[in-house]
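Below is one structure, written out as C-alpha cells; comments come after it.
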Amino acid sequence: MKQTNTVQKVVVSGVFIALATVLSLVVIFKLPYGGSITLLSMLPVMILGYMYGIKWGILCGLVYGIVQAMLGATMSSAFAGLTGFNVVLMAILDYLVAFAVLGTAGMFKGKIKNDTLAFSLGAVVAGLLRMLTHFTSGFILWGSYAEWFFGTENMNNEFGNYILSNFSGTSLAMMYSIIYNCSYMIPEIITTVIGIVAIMNVKPLRKGIAGK
C-alpha cells in the first residue's frame with residue numbers, strides 16, 4: 001500500500017511539474033526589459049507543497065527549476081553575457097533556489113484551520129522568497145545595468161532621473177533589482193493567490209489538495 005502511494009505521488013508530481021512548465025510558456029504580459037507574467041505557472045508546484053508537505057514540495061521545485069534552467073539556456077539565452085562562476089551562480093539562485101522555495105507554500109497547513117487562507121498565505125510567503133532570490137541574483141549579477149535601465153528612453157524620464165540623481169553604486173544596483181523583479185513578481189503572486197482562492201472554492205479540488 002505504501003509503495004502504491006509513493007508511485008501515485010511521483011506520478012502526480014510529474015504531471016504537475018509538466019503542467020507548470022507548460023503554463024510558464026503561456027505569457028500573459030512580457031515586460032520590455034525581461035521578466036514576464038505567466039498563466040499561474042507557480043501554482044502547480046505550490047499545490048504539490050501543500051498536498052505532500054514542504055520537503056516534497058522543495059524537491060519538486062528543484063526538479064522544476066532544472067527544467068526551467070534548461071529551457072532558459074536553450075530558448076531564451078538566459079545565461080547570455082555570463083561566464084564562469086556567474087553562470088553557476090545564476091543557475092543556483094534564479095533557477096534551483098528560486099523555484100525550490102515555491103514548494104514551501106504548505107508552511108501554514110495545519111496551523112491555520114481555513115485551508116484557503118493557509119494556502120494563500122503560504123503562497124504569498126513562497127512567492128516573496130522567490131522574489132528575494134531573484135533580487136539577490138539581480139543585485140549581484142546584473143547591477144551594472146542599472147544606469148542604462150534608468151536612463152533608457154522607455155523609462156519615465158522624471159522617475160529615471162530622480163533615481164540616478166539620488167542613488168549610485170550599490171544602492172543604485174539594489175534599486176534596479178528591486179524595481180525590475182517587483183515589476184513581474186508582484187503580479188505573479190497576486191494572480192497565483194487569485195487562482196488558489198478559485199480552486200479552493202471548488203469542493204472536490206479543495207478535498208484533493210487539502211486532503212479533507
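Residues in the C-alpha cells are named by chain (A, B, ... in the order shown) and by number from 1 within that chain; ligands are numbered from 1 in the order shown.
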Counting only C-alpha atoms, which residues of segment 27-70 of chain A fall within 8 Å of segment 101-120 of chain A, and what is the closest atom pair for each with its distance in Å at one decimal, ordered by chain and rising number, as a Markdown table?
```
| residue | atom | partner | partner_atom | distance |
| --- | --- | --- | --- | --- |
| A:Met42 | CA | A:Leu102 | CA | 7.0 |
| A:Val45 | CA | A:Gly103 | CA | 5.9 |
| A:Met46 | CA | A:Gly103 | CA | 5.2 |
| A:Ile47 | CA | A:Ala105 | CA | 7.6 |
| A:Leu48 | CA | A:Gly103 | CA | 6.8 |
| A:Gly49 | CA | A:Gly103 | CA | 4.4 |
| A:Tyr50 | CA | A:Gly106 | CA | 3.9 |
| A:Met51 | CA | A:Gly106 | CA | 7.5 |
| A:Gly53 | CA | A:Gly106 | CA | 6.2 |
| A:Ile54 | CA | A:Thr104 | CA | 4.9 |
| A:Lys55 | CA | A:Gly103 | CA | 7.6 |
| A:Trp56 | CA | A:Gly103 | CA | 7.4 |
| A:Gly57 | CA | A:Gly103 | CA | 3.7 |
| A:Ile58 | CA | A:Gly103 | CA | 4.4 |
| A:Leu59 | CA | A:Gly103 | CA | 7.5 |
| A:Cys60 | CA | A:Gly103 | CA | 7.0 |
| A:Gly61 | CA | A:Gly103 | CA | 5.7 |
```
Can you write out the residues you just picked, keeping N, CA and C atoms, as a PDB file, in the first residue's frame?
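This went into result_2.pdb:
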```
ATOM      1  N   MET A  42       3.433  29.231 -11.201  1.00  0.00           N
ATOM      2  CA  MET A  42       3.946  28.850  -9.879  1.00  0.00           C
ATOM      3  C   MET A  42       2.995  27.915  -9.140  1.00  0.00           C
ATOM      4  N   VAL A  45       3.464  23.746  -8.559  1.00  0.00           N
ATOM      5  CA  VAL A  45       4.484  23.361  -7.577  1.00  0.00           C
ATOM      6  C   VAL A  45       4.016  23.713  -6.170  1.00  0.00           C
ATOM      7  N   MET A  46       3.345  24.839  -6.033  1.00  0.00           N
ATOM      8  CA  MET A  46       2.803  25.218  -4.720  1.00  0.00           C
ATOM      9  C   MET A  46       1.754  24.206  -4.252  1.00  0.00           C
ATOM     10  N   ILE A  47       0.941  23.733  -5.167  1.00  0.00           N
ATOM     11  CA  ILE A  47      -0.061  22.716  -4.815  1.00  0.00           C
ATOM     12  C   ILE A  47       0.628  21.451  -4.304  1.00  0.00           C
ATOM     13  N   LEU A  48       1.699  21.042  -4.960  1.00  0.00           N
ATOM     14  CA  LEU A  48       2.444  19.856  -4.516  1.00  0.00           C
ATOM     15  C   LEU A  48       2.986  20.050  -3.105  1.00  0.00           C
ATOM     16  N   GLY A  49       3.477  21.254  -2.825  1.00  0.00           N
ATOM     17  CA  GLY A  49       3.981  21.550  -1.490  1.00  0.00           C
ATOM     18  C   GLY A  49       2.890  21.521  -0.441  1.00  0.00           C
ATOM     19  N   TYR A  50       1.682  21.919  -0.834  1.00  0.00           N
ATOM     20  CA  TYR A  50       0.565  21.915   0.110  1.00  0.00           C
ATOM     21  C   TYR A  50       0.005  20.497   0.286  1.00  0.00           C
ATOM     22  N   MET A  51      -0.037  19.753  -0.807  1.00  0.00           N
ATOM     23  CA  MET A  51      -0.580  18.393  -0.749  1.00  0.00           C
ATOM     24  C   MET A  51       0.336  17.438   0.003  1.00  0.00           C
ATOM     25  N   GLY A  53       3.542  18.185   1.537  1.00  0.00           N
ATOM     26  CA  GLY A  53       4.467  18.684   2.547  1.00  0.00           C
ATOM     27  C   GLY A  53       5.622  19.471   1.954  1.00  0.00           C
ATOM     28  N   ILE A  54       6.265  20.243   2.810  1.00  0.00           N
ATOM     29  CA  ILE A  54       7.314  21.166   2.372  1.00  0.00           C
ATOM     30  C   ILE A  54       8.523  20.440   1.764  1.00  0.00           C
ATOM     31  N   LYS A  55       8.975  19.365   2.393  1.00  0.00           N
ATOM     32  CA  LYS A  55      10.164  18.674   1.874  1.00  0.00           C
ATOM     33  C   LYS A  55       9.936  18.163   0.459  1.00  0.00           C
ATOM     34  N   TRP A  56       8.790  17.535   0.255  1.00  0.00           N
ATOM     35  CA  TRP A  56       8.487  17.030  -1.081  1.00  0.00           C
ATOM     36  C   TRP A  56       8.281  18.193  -2.049  1.00  0.00           C
ATOM     37  N   GLY A  57       7.654  19.255  -1.580  1.00  0.00           N
ATOM     38  CA  GLY A  57       7.434  20.430  -2.422  1.00  0.00           C
ATOM     39  C   GLY A  57       8.740  21.056  -2.878  1.00  0.00           C
ATOM     40  N   ILE A  58       9.704  21.152  -1.969  1.00  0.00           N
ATOM     41  CA  ILE A  58      11.018  21.710  -2.323  1.00  0.00           C
ATOM     42  C   ILE A  58      11.709  20.828  -3.351  1.00  0.00           C
ATOM     43  N   LEU A  59      11.626  19.510  -3.175  1.00  0.00           N
ATOM     44  CA  LEU A  59      12.212  18.578  -4.143  1.00  0.00           C
ATOM     45  C   LEU A  59      11.592  18.769  -5.522  1.00  0.00           C
ATOM     46  N   CYS A  60      10.265  18.891  -5.563  1.00  0.00           N
ATOM     47  CA  CYS A  60       9.577  19.109  -6.841  1.00  0.00           C
ATOM     48  C   CYS A  60       9.972  20.457  -7.438  1.00  0.00           C
ATOM     49  N   GLY A  61      10.133  21.468  -6.570  1.00  0.00           N
ATOM     50  CA  GLY A  61      10.565  22.776  -7.036  1.00  0.00           C
ATOM     51  C   GLY A  61      11.956  22.726  -7.645  1.00  0.00           C
TER      52      GLY A  61
END
```
Quick one: contact table of segment 50-104 of chain A to segment 133-154 of chain A, 8 Å max, nearest atom pair and distance in Å to one decimal per residue, counting only C-alpha atoms, chain and number order, as a Markdown table?
```
| residue | atom | partner | partner_atom | distance |
| --- | --- | --- | --- | --- |
| A:Asn86 | CA | A:Leu141 | CA | 7.1 |
| A:Leu89 | CA | A:Ser137 | CA | 7.8 |
| A:Met90 | CA | A:Ser137 | CA | 6.5 |
| A:Leu93 | CA | A:Thr133 | CA | 6.0 |
| A:Asp94 | CA | A:His134 | CA | 5.7 |
| A:Val97 | CA | A:Thr133 | CA | 7.1 |
| A:Ala98 | CA | A:Thr133 | CA | 5.7 |
```
Based on the backbone DSSP call, show me all residues of chain A assigned strand (DSSP E or B), as a ChimeraX atom specification. /A:27-30,36-38,109,112
Tell me, which residues of segment 7-161 of chain A carry DSSP helix (DSSP H, G or I), written as a VMD selection string? chain A and resid 7 to 24 43 to 52 54 to 75 85 to 106 115 to 151 157 to 161
So which one's closest to Ala91 of chain A, A:Thr21, A:Gln68, A:Ser36, A:Asn201? Using only C-alpha atoms, please. A:Gln68
Nearest residue to Asn5 of chain A out of A:Phe79, A:Tyr184, A:Tyr52, A:Phe159, using only C-alpha atoms? A:Tyr52
Neighbouring residues of Phe99 of chain A were defined as those with any atom within 8 Å, considering only C-alpha atoms; residues of the same chain fewer than 6 positions away were excluded. Please report them as a ChimeraX atom specification. /A:61-62,64-65,130
Okay, now the selection with C-alpha atoms, as a short mmCIF file (atom, residue, chain, number, x, y, z; two decimals), in the first residue's frame?
```
data_model
loop_
_atom_site.label_atom_id
_atom_site.label_comp_id
_atom_site.auth_asym_id
_atom_site.auth_seq_id
_atom_site.Cartn_x
_atom_site.Cartn_y
_atom_site.Cartn_z
CA GLY A 61 10.56 22.78 -7.04
CA LEU A 62 14.18 21.75 -7.61
CA TYR A 64 11.05 22.23 -11.94
CA GLY A 65 13.98 24.64 -11.56
CA ARG A 130 11.31 33.59 -4.83
#
```
Please provide as a PyMOL selection string all residues within 8 Å of Ile66 of chain A, with the sequence filter that same-chain residues fewer than 4 positions apart are discarded (counting only C-alpha atoms). chain A and resi 62+70+95-96
Would you output that residue set with C-alpha atoms, as a CSV table (one decimal), in the first residue's frame?
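Final output, saved to part.csv:
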```
chain,number,residue,atom,x,y,z
A,62,LEU,CA,14.2,21.8,-7.6
A,70,MET,CA,17.3,24.0,-19.5
A,95,TYR,CA,16.5,28.6,-11.0
A,96,LEU,CA,17.3,26.0,-8.3
```
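Comparing the minimum interatomic distances between Ile17 of chain A and each of A:Ala100, A:Val197, A:Ala73, A:Leu132, counting only C-alpha atoms, we find that A:Ala100 sits nearest.
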In terms of only C-alpha atoms, the residue from A:Ile92, A:Leu19, A:Ala78, A:Met131 at minimal distance from Glu188 of chain A is A:Met131
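Atom pair atom CA of Val193 of chain A / atom CA of Thr38 of chain A has a distance of 13.4 Å (rounded to one decimal).
Atom CA of Val27 of chain A sits 6.4 Å away from atom CA of Leu39 of chain A.
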Kindly give the distance, in Å, that separates atom CA of Gly34 of chain A and atom CA of Asn181 of chain A, rounded to a single decimal. 9.5 Å
